[in-house]
>>> print(open('input_7.cif').read())   # mmCIF, C-alpha atoms
data_start
#
loop_
_atom_site.label_atom_id
_atom_site.label_comp_id
_atom_site.auth_asym_id
_atom_site.auth_seq_id
_atom_site.Cartn_x
_atom_site.Cartn_y
_atom_site.Cartn_z
CA MET A 1 35.66 17.99 7.53
CA ALA A 2 34.25 14.59 6.66
CA GLU A 3 31.27 14.56 4.31
CA ALA A 4 27.93 14.16 6.09
CA ALA A 5 26.09 10.88 5.65
CA ALA A 6 23.07 12.75 4.23
CA ASP A 7 25.20 14.35 1.49
CA ARG A 8 26.70 11.00 0.61
CA LEU A 9 23.25 9.42 0.36
CA LEU A 10 22.00 12.26 -1.84
CA ALA A 11 25.03 11.87 -4.10
CA TRP A 12 24.45 8.10 -4.24
CA ALA A 13 20.81 8.66 -5.22
CA ARG A 14 21.81 11.17 -7.93
CA THR A 15 24.42 9.05 -9.66
CA ASP A 16 23.28 6.53 -12.18
CA ALA A 17 23.85 2.91 -11.34
CA PRO A 18 26.68 1.27 -13.28
CA GLY A 19 25.51 -0.84 -16.21
CA PRO A 20 24.73 -4.48 -15.54
CA ALA A 21 27.59 -6.95 -15.69
CA ASP A 22 27.46 -9.66 -18.35
CA PRO A 23 26.99 -12.93 -16.43
CA LEU A 24 28.62 -14.84 -19.28
CA ASP A 25 31.82 -12.84 -18.98
CA ARG A 26 33.67 -15.42 -16.88
CA PRO A 27 35.77 -18.57 -17.39
CA VAL A 28 33.59 -21.63 -17.90
CA LEU A 29 34.61 -25.28 -17.81
CA ALA A 30 32.55 -27.60 -19.94
CA GLU A 31 33.24 -31.34 -20.06
CA ASN A 32 30.67 -32.14 -22.70
CA PRO A 33 31.55 -30.97 -26.23
CA GLU A 34 27.84 -30.52 -26.92
CA CYS A 35 27.67 -27.96 -24.09
CA LEU A 36 30.76 -26.27 -25.40
CA HIS A 37 29.08 -25.94 -28.75
CA TYR A 38 26.11 -24.14 -27.22
CA LEU A 39 28.32 -21.99 -25.04
CA HIS A 40 30.39 -20.87 -28.00
CA ALA A 41 27.20 -19.73 -29.65
CA LEU A 42 26.27 -17.83 -26.49
CA PHE A 43 29.72 -16.35 -25.96
CA ASP A 44 29.97 -15.05 -29.46
CA PRO A 45 30.91 -11.38 -28.91
CA ALA A 46 28.93 -10.46 -31.99
CA ARG A 47 25.72 -11.56 -30.22
CA ARG A 48 26.45 -9.69 -27.00
CA GLY A 49 24.22 -6.79 -28.01
CA THR A 50 21.16 -9.00 -28.41
CA ARG A 51 21.32 -10.43 -24.89
CA ARG A 52 18.71 -8.96 -22.58
CA LEU A 53 20.73 -7.91 -19.56
CA SER A 54 18.83 -4.83 -18.50
CA ARG A 55 17.83 -6.24 -15.12
CA PRO A 56 20.25 -8.99 -14.06
CA LEU A 57 19.19 -10.71 -10.87
CA ALA A 58 16.57 -8.06 -10.22
CA VAL A 59 14.71 -10.28 -7.79
CA PRO A 60 13.51 -9.37 -4.32
CA PRO A 61 16.48 -9.84 -2.00
CA ARG A 62 14.61 -12.47 0.02
CA LEU A 63 15.00 -14.79 -2.98
CA LEU A 64 18.78 -14.45 -3.00
CA PRO A 65 20.98 -17.36 -1.90
CA PRO A 66 21.76 -17.49 1.82
CA ALA A 67 24.94 -15.88 3.10
CA MET B 1 29.63 -41.80 0.44
CA ASN B 2 30.12 -40.13 3.78
CA PRO B 3 26.67 -38.80 4.70
CA TYR B 4 28.19 -36.35 7.17
CA GLY B 5 30.26 -34.79 4.45
CA LEU B 6 27.35 -33.68 2.29
CA PRO B 7 26.03 -30.69 4.21
CA LYS B 8 29.48 -29.17 4.40
CA ARG B 9 30.08 -29.69 0.70
CA ALA B 10 26.66 -28.25 -0.09
CA ARG B 11 27.40 -25.24 2.10
CA ASP B 12 30.79 -24.74 0.46
CA LEU B 13 29.19 -25.01 -2.92
CA THR B 14 26.59 -22.36 -2.03
CA GLY B 15 29.19 -20.10 -0.49
CA ARG B 16 31.65 -20.31 -3.35
CA ALA B 17 29.31 -20.46 -6.29
CA LEU B 18 26.41 -18.28 -5.22
CA GLY B 19 28.01 -16.03 -2.59
CA PRO B 20 29.45 -13.57 -5.10
CA LEU B 21 26.00 -13.16 -6.60
CA ARG B 22 24.47 -11.88 -3.35
CA ASP B 23 25.80 -8.35 -3.41
CA GLN B 24 25.13 -8.18 -7.14
CA GLY B 25 21.52 -9.12 -6.42
CA PHE B 26 21.13 -6.46 -3.74
CA ALA B 27 22.74 -3.95 -6.08
CA ALA B 28 20.27 -4.79 -8.85
CA TRP B 29 17.32 -4.26 -6.51
CA LEU B 30 18.68 -1.08 -4.95
CA ASP B 31 19.96 0.51 -8.16
CA ALA B 32 16.48 0.39 -9.66
CA ARG B 33 15.14 2.27 -6.62
CA ARG B 34 17.97 4.56 -5.56
CA PRO B 35 15.93 7.81 -5.14
CA ALA B 36 13.23 6.14 -3.03
CA VAL B 37 15.67 4.17 -0.88
CA ALA B 38 17.79 7.28 -0.30
CA ALA B 39 14.67 9.30 0.64
CA LEU B 40 13.69 6.78 3.31
CA LEU B 41 17.27 6.52 4.61
CA LEU B 42 17.52 10.32 4.81
CA LEU B 43 14.22 10.44 6.66
CA ALA B 44 15.47 7.81 9.12
CA LEU B 45 18.75 9.71 9.59
CA ASP B 46 16.85 12.90 10.33
CA ARG B 47 14.51 11.34 12.88
CA GLY B 48 17.34 9.47 14.61
CA GLY B 49 16.35 6.00 13.45
CA LEU B 50 19.76 5.56 11.81
CA ALA B 51 23.20 6.70 12.95
CA GLU B 52 25.53 8.59 10.60
CA ALA B 53 28.24 6.04 11.32
CA GLU B 54 25.99 3.20 10.11
CA VAL B 55 25.48 4.94 6.77
CA HIS B 56 29.21 5.66 6.38
CA ALA B 57 30.03 2.06 7.26
CA ALA B 58 27.53 0.77 4.71
CA LEU B 59 28.77 3.01 1.91
CA ASP B 60 32.45 2.22 2.59
CA GLY B 61 32.14 -1.47 3.49
CA PRO B 62 32.87 -4.45 1.25
CA HIS B 63 29.22 -5.57 1.02
CA ARG B 64 27.88 -2.13 0.30
CA HIS B 65 24.55 -3.02 -1.25
CA GLU B 66 23.67 -5.75 1.17
CA ARG B 67 24.34 -3.40 4.07
CA LEU B 68 22.39 -0.54 2.48
CA TYR B 69 19.48 -2.90 1.97
CA ALA B 70 19.59 -3.85 5.65
CA LEU B 71 19.55 -0.16 6.61
CA PHE B 72 16.63 0.42 4.25
CA CYS B 73 14.68 -2.37 5.99
CA GLN B 74 15.54 -0.84 9.37
CA ALA B 75 14.34 2.60 8.19
CA TRP B 76 11.14 1.13 6.75
CA ARG B 77 10.30 -0.81 9.90
CA GLY B 78 10.79 2.30 12.05
CA LEU B 79 8.43 4.50 10.02
CA PRO B 80 5.06 3.49 11.59
CA ALA B 81 6.44 3.78 15.13
CA TRP B 82 7.73 7.28 14.38
CA ILE B 83 4.32 8.39 13.03
CA GLU B 84 2.57 6.84 16.00
CA ALA B 85 4.88 8.55 18.48
CA ILE B 86 4.13 11.97 16.95
CA ALA B 87 0.38 11.29 17.04
CA HIS B 88 0.74 10.17 20.64
CA ARG B 89 2.36 13.45 21.66
CA HIS B 90 -0.57 15.44 20.27
CA THR B 91 -3.46 13.58 21.89
CA LEU B 92 -5.32 15.00 24.85
CA ASP B 93 -4.70 11.99 27.07
CA PRO B 94 -1.61 10.00 25.97
CA ALA B 95 -2.56 7.16 28.32
CA ARG B 96 -5.60 6.28 26.18
CA LEU B 97 -4.30 5.90 22.65
CA PRO B 98 -6.34 3.71 20.29
CA ASP B 99 -4.66 1.11 18.15
CA TRP B 100 -3.17 2.83 15.09
CA GLU B 101 -2.52 -0.24 12.98
CA PRO B 102 -6.04 -1.05 11.82
CA PHE B 103 -6.69 2.39 10.32
CA VAL B 104 -3.85 2.87 7.88
CA GLY B 105 -1.05 0.83 6.36
CA ILE B 106 1.99 2.18 4.53
CA GLU B 107 3.51 0.65 1.44
CA LEU B 108 6.02 1.58 -1.23
CA ARG B 109 4.69 1.33 -4.79
CA GLU B 110 6.55 1.80 -8.03
CA ASP B 111 5.48 2.96 -11.43
CA ALA B 112 7.16 4.24 -14.57
CA THR B 113 7.76 7.69 -13.06
CA GLY B 114 9.28 6.54 -9.78
CA ALA B 115 8.27 5.40 -6.32
CA ARG B 116 5.45 6.59 -4.15
CA LEU B 117 4.53 6.08 -0.52
CA VAL B 118 0.92 4.96 -0.28
CA LEU B 119 -1.10 5.27 2.91
CA ASP B 120 -3.91 2.81 2.51
CA ALA B 121 -6.93 2.78 4.85
CA ARG B 122 -7.39 -0.61 6.46
CA GLY B 123 -10.81 0.34 7.77
CA VAL B 124 -13.13 3.26 8.31
CA TRP B 125 -12.40 5.38 11.34
CA LEU B 126 -15.50 7.37 12.24
CA HIS B 127 -14.78 10.16 14.71
CA ALA B 128 -18.18 10.87 16.22
CA PHE B 129 -18.88 13.35 18.97
CA ASP B 130 -21.74 15.18 20.54
CA LEU B 131 -21.31 18.95 20.43
CA ASP B 132 -25.01 19.72 21.06
CA ARG B 133 -24.50 19.91 24.83
CA LEU B 134 -21.71 22.52 24.54
CA PRO B 135 -22.26 26.29 24.51
CA PRO B 136 -23.02 27.05 20.82
CA ALA B 137 -20.03 29.38 20.38
CA LEU B 138 -17.66 26.68 21.68
CA ALA B 139 -19.27 24.03 19.46
CA VAL B 140 -18.82 26.28 16.40
CA ALA B 141 -15.19 26.91 17.34
CA VAL B 142 -14.57 23.16 17.67
CA ALA B 143 -16.16 22.46 14.27
CA GLN B 144 -14.12 25.23 12.64
CA THR B 145 -10.94 23.86 14.18
CA LEU B 146 -11.79 20.39 12.84
CA ASP B 147 -12.19 21.94 9.38
CA LEU B 148 -8.72 23.47 9.70
CA ILE B 149 -7.23 20.14 10.80
CA GLY B 150 -8.72 18.51 7.70
CA MET B 151 -7.45 21.27 5.41
CA ARG B 152 -3.94 21.72 6.79
CA LEU B 153 -2.86 18.55 8.58
CA THR B 154 -4.46 15.16 8.17
CA GLU B 155 -6.97 13.51 5.88
CA CYS B 156 -10.48 13.76 7.30
CA VAL B 157 -13.82 15.15 6.15
CA PRO B 158 -17.12 15.98 7.86
CA ALA B 159 -19.70 13.31 7.06
CA ARG B 160 -21.91 16.21 5.97
CA ASP B 161 -19.50 17.01 3.11
CA LEU B 162 -19.58 13.38 1.95
CA ALA B 163 -23.36 13.41 2.02
CA LYS B 164 -23.65 16.74 0.21
CA SER B 165 -22.51 15.40 -3.15
CA TRP B 166 -24.12 12.01 -2.57
CA TRP B 167 -27.55 13.49 -1.86
CA ASP B 168 -27.71 16.32 -4.37
CA GLU B 169 -30.92 15.01 -5.96
CA ALA B 170 -32.57 14.66 -2.56
CA GLN B 171 -31.59 18.23 -1.69
CA THR B 172 -33.06 19.54 -4.95
CA ALA B 173 -36.29 17.58 -4.43
CA TYR B 174 -36.51 18.82 -0.83
CA ALA B 175 -36.06 22.45 -1.92
CA GLU B 176 -38.71 21.97 -4.62
CA LEU B 177 -41.23 20.54 -2.13
CA ARG B 178 -40.37 23.14 0.50
CA ALA B 179 -41.14 25.88 -2.03
CA THR B 180 -44.73 24.68 -2.19
CA GLY B 181 -45.25 25.97 1.35
CA LEU B 182 -46.87 22.69 2.45
CA SER B 183 -45.79 21.25 5.79
CA ASP B 184 -48.30 18.48 6.54
CA PRO B 185 -46.82 15.07 5.46
CA ALA B 186 -50.17 13.89 4.05
CA ALA B 187 -50.55 17.04 1.95
CA LEU B 188 -46.95 16.76 0.76
CA TRP B 189 -47.48 13.11 -0.21
CA ALA B 190 -50.62 14.05 -2.15
CA HIS B 191 -48.67 16.79 -3.91
CA VAL B 192 -45.86 14.35 -4.76
CA GLU B 193 -48.33 11.86 -6.22
CA THR B 194 -50.37 14.30 -8.27
CA ALA B 195 -48.15 17.22 -9.22
CA THR B 196 -44.59 15.87 -9.56
CA ASP B 197 -42.68 13.04 -11.23
CA LEU B 198 -40.56 12.42 -8.12
CA LEU B 199 -42.01 8.91 -7.70
CA ASN B 200 -40.07 7.92 -10.82
CA TRP B 201 -36.79 8.92 -9.20
CA PHE B 202 -37.16 7.94 -5.55
CA SER B 203 -38.03 4.54 -4.14
CA TRP B 204 -40.94 5.62 -1.91
CA ARG B 205 -43.47 2.83 -1.86
CA SER B 206 -45.81 4.42 0.66
CA GLN B 207 -46.45 7.59 2.59
CA GLU B 208 -44.43 6.15 5.52
CA ASP B 209 -41.37 5.74 3.26
CA PHE B 210 -41.80 9.30 2.09
CA ALA B 211 -42.24 10.60 5.66
CA ALA B 212 -39.00 8.87 6.77
CA TRP B 213 -37.13 10.35 3.78
CA TRP B 214 -38.60 13.78 4.50
CA ALA B 215 -37.49 13.66 8.17
CA ASP B 216 -33.90 12.64 7.26
CA THR B 217 -33.61 15.16 4.44
CA ALA B 218 -35.07 17.94 6.59
CA ALA B 219 -32.53 17.12 9.33
CA PHE B 220 -29.80 17.33 6.71
CA CYS B 221 -30.94 20.49 4.89
CA GLU B 222 -32.25 22.38 7.90
CA PRO B 223 -30.50 21.03 11.01
CA ALA B 224 -32.07 21.76 14.37
CA PRO B 225 -29.03 22.56 16.60
CA ALA B 226 -28.31 26.30 16.60
CA TRP B 227 -24.53 25.81 16.57
CA LEU B 228 -24.74 23.59 13.50
CA ARG B 229 -26.76 26.20 11.57
CA ARG B 230 -24.29 28.92 12.58
CA TRP B 231 -21.28 26.80 11.58
CA LEU B 232 -22.83 25.97 8.21
CA ALA B 233 -23.65 29.62 7.57
CA GLN B 234 -20.07 30.62 8.36
CA ARG B 235 -18.69 27.91 6.07
CA GLN B 236 -20.60 29.46 3.16
CA ARG B 237 -18.50 32.62 3.40
CA PRO B 238 -15.08 32.19 1.84
CA GLY B 239 -12.44 32.94 4.44
CA ASP B 240 -8.76 32.77 4.99
CA ALA B 241 -7.37 30.03 7.27
CA ALA B 242 -4.96 32.47 8.94
CA ALA B 243 -7.78 34.92 9.75
CA LEU B 244 -9.89 32.07 11.15
CA LEU B 245 -7.00 30.96 13.37
CA ARG B 246 -6.59 34.52 14.66
CA ARG B 247 -10.32 34.70 15.44
CA LEU B 248 -10.18 31.36 17.28
CA THR B 249 -7.19 32.56 19.32
CA ARG B 250 -9.03 35.74 20.35
CA ARG B 251 -12.06 33.70 21.37
CA LEU B 252 -9.90 31.33 23.45
CA TRP B 253 -8.33 34.34 25.15
CA ARG B 254 -11.80 35.64 26.12
CA TRP B 255 -12.96 32.22 27.33
CA ARG B 256 -9.96 31.60 29.59
CA ARG B 257 -11.66 33.55 32.42
CA ARG B 258 -15.11 31.95 31.98
CA PRO B 259 -15.40 28.99 34.35
CA ALA B 260 -18.44 27.61 32.50
CA ILE B 261 -16.20 27.03 29.50
CA ASN B 262 -12.61 26.82 30.66
CA ARG B 263 -13.25 23.75 32.81
CA LEU B 264 -14.52 21.69 29.89
CA ALA B 265 -12.30 19.04 28.31
CA TRP B 266 -13.34 20.46 24.92
CA PHE B 267 -11.86 23.82 25.92
CA ARG B 268 -8.53 22.12 26.75
CA TRP B 269 -8.61 20.30 23.43
CA LEU B 270 -9.44 23.50 21.53
CA ARG B 271 -6.59 25.41 23.18
CA ARG B 272 -4.15 22.65 22.33
CA ALA B 273 -5.42 22.28 18.75
CA VAL B 274 -5.33 26.02 18.01
CA ARG B 275 -1.82 26.34 19.46
CA THR B 276 -0.68 23.38 17.38
CA LEU B 277 -2.31 24.74 14.22
CA ARG B 278 -0.63 28.12 14.75
CA ARG B 279 2.74 26.45 15.27
CA CYS B 280 2.21 24.36 12.13
CA ALA B 281 1.15 27.44 10.12
CA ARG B 282 4.39 29.18 11.11
CA ARG B 283 6.43 26.13 10.17
CA TRP B 284 4.53 25.29 7.00
CA PRO B 285 2.85 28.34 5.42
CA GLU B 286 1.29 25.92 2.91
CA PRO B 287 0.08 22.44 3.93
CA PRO B 288 3.19 20.29 3.39
CA ALA B 289 1.41 17.44 1.63
CA HIS B 290 0.22 19.66 -1.22
CA THR B 291 3.50 19.58 -3.14
CA MET B 292 3.93 15.84 -2.57
CA LEU B 293 0.53 14.51 -3.56
CA LEU B 294 0.25 12.24 -6.58
CA ASP B 295 -2.89 11.10 -8.33
CA PRO B 296 -3.81 7.53 -7.46
CA GLU B 297 -3.45 5.34 -10.51
CA ASP B 298 -6.29 3.08 -9.46
CA ASP B 299 -9.95 3.80 -8.67
CA SER B 300 -9.36 4.50 -5.01
CA GLU B 301 -11.03 7.35 -3.15
CA PRO B 302 -9.09 9.92 -1.13
CA LEU B 303 -8.00 8.74 2.31
CA ALA B 304 -10.07 11.55 3.89
CA CYS B 305 -13.25 9.68 2.94
CA ALA B 306 -12.24 6.84 5.28
CA GLN B 307 -12.10 9.21 8.22
CA PRO B 308 -15.49 10.95 8.48
CA LEU B 309 -16.31 13.35 11.29
CA GLY B 310 -19.82 12.91 12.63
CA PHE B 311 -21.84 15.08 14.98
CA GLY B 312 -24.53 12.54 15.83
CA GLU B 313 -27.09 13.86 13.35
CA PRO B 314 -30.03 11.52 12.67
CA TRP B 315 -29.22 10.95 8.98
CA GLU B 316 -25.53 10.12 9.58
CA ALA B 317 -25.69 6.42 10.49
CA PRO B 318 -27.87 5.24 7.55
CA PHE B 319 -25.96 7.46 5.12
CA LEU B 320 -22.54 6.19 6.21
CA GLU B 321 -23.78 2.60 6.06
CA ASP B 322 -24.95 3.13 2.44
CA TYR B 323 -21.80 5.02 1.49
CA TYR B 324 -19.36 2.40 2.75
CA ALA B 325 -21.46 -0.51 1.48
CA HIS B 326 -21.24 1.11 -1.96
CA ALA B 327 -17.49 1.75 -1.58
CA ALA B 328 -16.95 -1.88 -0.53
CA CYS B 329 -18.74 -3.12 -3.65
CA GLY B 330 -17.11 -1.03 -6.33
CA GLY B 331 -14.12 0.94 -5.12
CA ASP B 332 -10.42 0.33 -4.69
CA GLY B 333 -10.35 1.54 -1.11
CA PHE B 334 -9.14 4.84 0.29
CA THR B 335 -5.55 5.93 -0.28
CA TRP B 336 -3.14 8.84 -0.03
CA HIS B 337 -0.19 8.88 -2.46
CA LEU B 338 3.00 10.80 -1.66
CA ARG B 339 6.00 11.23 -3.93
CA CYS B 340 9.05 9.39 -2.52
CA ALA B 341 12.32 10.71 -3.97
CA ALA B 342 15.60 11.76 -2.39
CA PRO B 343 15.59 15.48 -3.35
CA ALA B 344 12.18 15.94 -1.71
CA TRP B 345 12.79 13.84 1.38
CA ALA B 346 12.27 16.82 3.73
CA GLU B 347 8.86 17.54 2.18
CA LEU B 348 7.94 13.88 2.58
CA ARG B 349 8.95 14.05 6.26
CA ASP B 350 6.85 17.19 6.74
CA ALA B 351 3.81 15.66 5.05
CA LEU B 352 3.98 12.55 7.25
CA GLU B 353 4.60 14.63 10.35
CA ALA B 354 1.62 16.89 9.63
CA PHE B 355 -0.50 13.79 9.04
CA ALA B 356 0.56 12.33 12.39
CA ILE B 357 -0.06 15.61 14.25
CA GLY B 358 -3.54 15.82 12.73
CA GLN B 359 -4.27 12.22 13.74
CA GLY B 360 -3.17 12.98 17.29
CA LEU B 361 -5.50 15.97 17.43
CA LEU B 362 -8.40 13.89 16.06
CA ILE B 363 -7.82 11.22 18.68
CA GLY B 364 -7.91 14.09 21.19
CA THR B 365 -11.39 15.09 20.00
CA VAL B 366 -12.77 11.68 20.80
CA GLN B 367 -11.00 11.77 24.17
CA ALA B 368 -12.47 15.23 24.90
CA ASP B 369 -15.92 13.98 23.91
CA GLY B 370 -15.65 11.11 26.37
CA HIS B 371 -14.73 13.36 29.31
CA GLU B 372 -17.48 14.66 31.52
CA GLY B 373 -17.21 18.31 32.54
#
>>> encode(input="input_7.cif", output="structure tokens")
Amino acid sequence: MAEAAADRLLAWARTDAPGPADPLDRPVLAENPECLHYLHALFDPARRGTRRLSRPLAVPPRLLPPA
Amino acid sequence: MNPYGLPKRARDLTGRALGPLRDQGFAAWLDARRPAVAALLLLALDRGGLAEAEVHAALDGPHRHERLYALFCQAWRGLPAWIEAIAHRHTLDPARLPDWEPFVGIELREDATGARLVLDARGVWLHAFDLDRLPPALAVAVAQTLDLIGMRLTECVPARDLAKSWWDEAQTAYAELRATGLSDPAALWAHVETATDLLNWFSWRSQEDFAAWWADTAAFCEPAPAWLRRWLAQRQRPGDAAALLRRLTRRLWRWRRRPAINRLAWFRWLRRAVRTLRRCARRWPEPPAHTMLLDPEDDSEPLACAQPLGFGEPWEAPFLEDYYAHAACGGDGFTWHLRCAAPAWAELRDALEAFAIGQGLLIGTVQADGHEG
């Protein structure tokens, strides 16, 4: 028998949300070497732990870009 | 540059660059509030405001969080209408329902411990009725039933209970002066001036001020209507709500064959209210809101204080005016805070349902009061 919607919602509420994705973890094209310099500093895996990513994009959904 | 090309390019840019961020944004908002969102979705599922298939589709679909957020909005928007419909079913005359919106608003608030549903009074709703013209036994039964509605279902309080703590000094002074055995206002005023320090504590500038205070306080401490004195005397004795309900049922059973009583709109209201209270007591042995209540984190007063029950006593109007003027100056309003979390969604539903049933019964009292005969 298929799982009831209520059970699925309860299970969804119980499970912890997956950790936030690192928005810098993506390919980036930079034409200006100065930018590249700054980006390298940002991308440095050693500094990943100091980035504050606890609430990425945690804005009210009405502020999100249009579909 | 082709001016017609720009909007399309801008749209493409938005779609390609920002589109993937949308679901991530919804996820960030929802993930921080999963228990509260799930509680409201479960409540909507239970009351039929959402279909099972919609929830399955949202959880399995590609834009899961965006869809869940849309369902959450749908559930939230349907909540007031659901409460209103329950209240409507429990009134005496469903054709004459007052506007619900101005009395209470619902909002979701968050704090460090989780989310809470806050019912916030938008105004004061005084339920005032005249029981003096009823047979005293019926008037007492009505007042006792109103007490039970306030204890077990919704948030309301007799204006007399509000005044009791507000006027404790006046009651003490009245008892002190009454003990002198004097009854003539002039003699009392002379006693106040010469033998007491009450002038330091009360703002009586003349004998007329004192006489007005004396009349109001006497009406409060020693009310004239016989039913009111009997009701107050019975309230002094600690009793069990179940025993009181049984007594009310027996009384209704006796009155059903007495045309002087059974034709009154108040009798119809009482029969309906007692039946409803018995049904609720079977369903909820303890008032359902008790396990869900949270302390307000601000300086707000309980919601019950925004819904006083008045019996047309002479001191009521000036007292309520003072009380609400004071509340408007210093307070944070009148609120009711309920825990909102998925494991306790059924308790949340019961608390809101009991609240709505109680509101319906209170609206019925005002309808019964307006009926002649």
>>> resolve_selection(input="input_7.cif", expression="the PyMOL selection byres ((chain B) within 8 of (chain A))", output="ChimeraX atom specification")
/B:14-15,18-19,22,24-26,28-29,31-32,34-35,38,41-42,45,52-53,55-56,342-343
>>> write_last_selection(input="input_7.cif", atoms="C-alpha atoms", output="PDB file, keeping the file's coordinate frame")
ATOM      1  CA  THR B  14      26.590 -22.360  -2.030  1.00  0.00           C
ATOM      2  CA  GLY B  15      29.190 -20.100  -0.490  1.00  0.00           C
ATOM      3  CA  LEU B  18      26.410 -18.280  -5.220  1.00  0.00           C
ATOM      4  CA  GLY B  19      28.010 -16.030  -2.590  1.00  0.00           C
ATOM      5  CA  ARG B  22      24.470 -11.880  -3.350  1.00  0.00           C
ATOM      6  CA  GLN B  24      25.130  -8.180  -7.140  1.00  0.00           C
ATOM      7  CA  GLY B  25      21.520  -9.120  -6.420  1.00  0.00           C
ATOM      8  CA  PHE B  26      21.130  -6.460  -3.740  1.00  0.00           C
ATOM      9  CA  ALA B  28      20.270  -4.790  -8.850  1.00  0.00           C
ATOM     10  CA  TRP B  29      17.320  -4.260  -6.510  1.00  0.00           C
ATOM     11  CA  ASP B  31      19.960   0.510  -8.160  1.00  0.00           C
ATOM     12  CA  ALA B  32      16.480   0.390  -9.660  1.00  0.00           C
ATOM     13  CA  ARG B  34      17.970   4.560  -5.560  1.00  0.00           C
ATOM     14  CA  PRO B  35      15.930   7.810  -5.140  1.00  0.00           C
ATOM     15  CA  ALA B  38      17.790   7.280  -0.300  1.00  0.00           C
ATOM     16  CA  LEU B  41      17.270   6.520   4.610  1.00  0.00           C
ATOM     17  CA  LEU B  42      17.520  10.320   4.810  1.00  0.00           C
ATOM     18  CA  LEU B  45      18.750   9.710   9.590  1.00  0.00           C
ATOM     19  CA  GLU B  52      25.530   8.590  10.600  1.00  0.00           C
ATOM     20  CA  ALA B  53      28.240   6.040  11.320  1.00  0.00           C
ATOM     21  CA  VAL B  55      25.480   4.940   6.770  1.00  0.00           C
ATOM     22  CA  HIS B  56      29.210   5.660   6.380  1.00  0.00           C
ATOM     23  CA  ALA B 342      15.600  11.760  -2.390  1.00  0.00           C
ATOM     24  CA  PRO B 343      15.590  15.480  -3.350  1.00  0.00           C
TER      25      PRO B 343
END
>>> atom_distance(input="input_7.cif", atom1="atom CA of Lys164 of chain B", atom2="atom CA of Trp336 of chain B")
22.0 Å
>>> closest_residue(input="input_7.cif", among="B:Phe334, B:Trp266, B:Trp284, B:Tyr323", to="Asp130 of chain B", atoms="only C-alpha atoms")
B:Trp266
>>> atom_distance(input="input_7.cif", atom1="atom CA of Trp227 of chain B", atom2="atom CA of Gln144 of chain B")
11.1 Å
>>> atom_distance(input="input_7.cif", atom1="atom CA of Ala128 of chain B", atom2="atom CA of Ala368 of chain B")
11.3 Å
>>> closest_residue(input="input_7.cif", among="B:Pro136, B:Pro223, B:Gly48, B:Gly360", to="Arg272 of chain B", atoms="only C-alpha atoms")
B:Gly360
>>> closest_residue(input="input_7.cif", among="B:Met151, B:Cys221, B:Ala260, B:Asp168", to="Pro135 of chain B", atoms="only C-alpha atoms")
B:Ala260
>>> resolve_selection(input="input_7.cif", expression="the PyMOL selection byres ((chain B and resi 246-258) around 10)", output="PDB file with C-alpha atoms, keeping the file's coordinate frame")
ATOM      1  CA  ALA B 137     -20.030  29.380  20.380  1.00  0.00           C
ATOM      2  CA  LEU B 138     -17.660  26.680  21.680  1.00  0.00           C
ATOM      3  CA  ALA B 141     -15.190  26.910  17.340  1.00  0.00           C
ATOM      4  CA  VAL B 142     -14.570  23.160  17.670  1.00  0.00           C
ATOM      5  CA  GLN B 144     -14.120  25.230  12.640  1.00  0.00           C
ATOM      6  CA  THR B 145     -10.940  23.860  14.180  1.00  0.00           C
ATOM      7  CA  ALA B 241      -7.370  30.030   7.270  1.00  0.00           C
ATOM      8  CA  ALA B 242      -4.960  32.470   8.940  1.00  0.00           C
ATOM      9  CA  ALA B 243      -7.780  34.920   9.750  1.00  0.00           C
ATOM     10  CA  LEU B 244      -9.890  32.070  11.150  1.00  0.00           C
ATOM     11  CA  LEU B 245      -7.000  30.960  13.370  1.00  0.00           C
ATOM     12  CA  PRO B 259     -15.400  28.990  34.350  1.00  0.00           C
ATOM     13  CA  ALA B 260     -18.440  27.610  32.500  1.00  0.00           C
ATOM     14  CA  ILE B 261     -16.200  27.030  29.500  1.00  0.00           C
ATOM     15  CA  ASN B 262     -12.610  26.820  30.660  1.00  0.00           C
ATOM     16  CA  ARG B 263     -13.250  23.750  32.810  1.00  0.00           C
ATOM     17  CA  PHE B 267     -11.860  23.820  25.920  1.00  0.00           C
ATOM     18  CA  ARG B 268      -8.530  22.120  26.750  1.00  0.00           C
ATOM     19  CA  LEU B 270      -9.440  23.500  21.530  1.00  0.00           C
ATOM     20  CA  ARG B 271      -6.590  25.410  23.180  1.00  0.00           C
ATOM     21  CA  VAL B 274      -5.330  26.020  18.010  1.00  0.00           C
ATOM     22  CA  ARG B 275      -1.820  26.340  19.460  1.00  0.00           C
ATOM     23  CA  ARG B 278      -0.630  28.120  14.750  1.00  0.00           C
TER      24      ARG B 278
END
>>> resolve_selection(input="input_7.cif", expression="the PyMOL selection byres ((chain B and resi 185-196) around 12)", output="PyMOL selection string")
chain B and resi 173-174+176-184+197-202+204-215
